[in-house]
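entry_17.pdb, holding PDB, C-alpha atoms:
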```
ATOM      1  CA  MET L   1      16.578   2.113 -27.295
ATOM      2  CA  LYS L   2      13.432   3.156 -25.426
ATOM      3  CA  ASN L   3      13.631   4.959 -22.108
ATOM      4  CA  LYS L   4      12.783   2.747 -19.166
ATOM      5  CA  LEU L   5      10.759   3.892 -16.225
ATOM      6  CA  HIS L   6      12.106   2.645 -12.905
ATOM      7  CA  MET L   7       9.488   2.181 -10.227
ATOM      8  CA  TYR L   8      10.591   2.570  -6.626
ATOM      9  CA  GLY L   9       8.559   1.256  -3.744
ATOM     10  CA  TYR L  10       9.030   2.037  -0.078
ATOM     11  CA  PHE L  11       7.530  -0.267   2.499
ATOM     12  CA  TYR L  12       7.344   0.200   6.243
ATOM     13  CA  LEU L  13       6.626  -2.195   9.071
ATOM     14  CA  CYS L  14       4.910  -0.754  12.093
ATOM     15  CA  ASP L  15       3.329  -1.853  15.334
ATOM     16  CA  MET L  16      -0.288  -0.716  15.461
ATOM     17  CA  GLY L  17      -0.479   0.630  18.990
ATOM     18  CA  MET L  18      -3.350   2.346  20.698
ATOM     19  CA  GLU L  19      -5.379   5.014  18.934
ATOM     20  CA  ILE L  20      -4.007   8.432  19.854
ATOM     21  CA  ASN L  21      -6.123  10.609  17.602
ATOM     22  CA  LYS L  22      -9.635  10.714  16.218
ATOM     23  CA  GLN L  23     -10.267  10.605  12.479
ATOM     24  CA  THR L  24      -9.764  14.097  11.050
ATOM     25  CA  GLU L  25     -10.900  13.606   7.450
ATOM     26  CA  GLU L  26     -14.415  12.259   7.107
ATOM     27  CA  ASP L  27     -13.928  11.235   3.466
ATOM     28  CA  HIS L  28     -10.837   9.093   4.206
ATOM     29  CA  PHE L  29     -10.889   5.744   5.941
ATOM     30  CA  LEU L  30      -8.741   2.647   6.406
ATOM     31  CA  LYS L  31     -10.274  -0.567   5.121
ATOM     32  CA  TRP L  32      -8.459  -3.850   5.723
ATOM     33  CA  ILE L  33      -8.965  -6.468   3.004
ATOM     34  CA  ASP L  34      -7.802 -10.043   2.499
ATOM     35  CA  PRO L  35      -4.171 -10.128   1.238
ATOM     36  CA  THR L  36      -5.088 -12.355  -1.720
ATOM     37  CA  ARG L  37      -7.689  -9.847  -2.853
ATOM     38  CA  ALA L  38      -5.193  -7.024  -2.423
ATOM     39  CA  ILE L  39      -2.602  -8.777  -4.603
ATOM     40  CA  GLU L  40      -5.191  -9.297  -7.353
ATOM     41  CA  ASN L  41      -5.767  -5.530  -7.456
ATOM     42  CA  LEU L  42      -2.140  -4.353  -7.391
ATOM     43  CA  PHE L  43      -0.323  -3.349 -10.549
ATOM     44  CA  HIS L  44       3.403  -3.453  -9.780
ATOM     45  CA  GLU L  45       5.263  -6.639  -8.903
ATOM     46  CA  HIS L  46       7.005  -5.003  -5.923
ATOM     47  CA  GLN L  47       3.608  -4.141  -4.433
ATOM     48  CA  SER L  48       2.495  -7.771  -4.569
ATOM     49  CA  TRP L  49       5.812  -8.828  -3.083
ATOM     50  CA  ALA L  50       5.290  -6.491  -0.126
ATOM     51  CA  VAL L  51       1.821  -7.885   0.597
ATOM     52  CA  ASN L  52       3.132 -11.452   0.534
TER
END
```
structure tokens encoding of this file:
Amino acid sequence: MKNKLHMYGYFYLCDMGMEINKQTEEDHFLKWIDPTRAIENLFHEHQSWAVN
């Protein structure tokens, strides 16, 4: 019997309030994309489930 790898995913729901801080890392940014496009680029089933 082969060893199985169990993938765990943690998902959080938040309320995007007002901006309280300026960006601190110039090479990191948040880019919102269409959920359908996101699902097409996700690998694990639980990730797609979370986007839906």
Would you mind listing what lies within 8 Å of stretch 2-12 of chain L as a PyMOL selection string, with all atoms listed in the file counted and same-chain residues fewer than 5 positions away left out?
-> chain L and resi 46-47+50
If you measure from atom CA of L:Phe29 to atom CA of L:Met16, what distance in Å do you get, rounded to one decimal?
-> 15.6 Å
Would you compute the box with edges along x, y and z of the file around stretch 7-21 of chain L, including every atom the file lists for it and 4 Å extra on each side, and give its centre and edge lengths in Å to one decimal, as JSON?
```
{"center_x": 2.2, "center_y": 4.2, "center_z": 5.2, "size_x": 24.7, "size_y": 20.8, "size_z": 38.9}
```
Pairwise distance for atom CA of L:Ala38 and atom CA of L:Val51, rounded to one decimal in Å = 7.7 Å
Atom-to-atom span, atom CA of L:Glu45 and atom CA of L:Asp15, Å | 24.8 Å
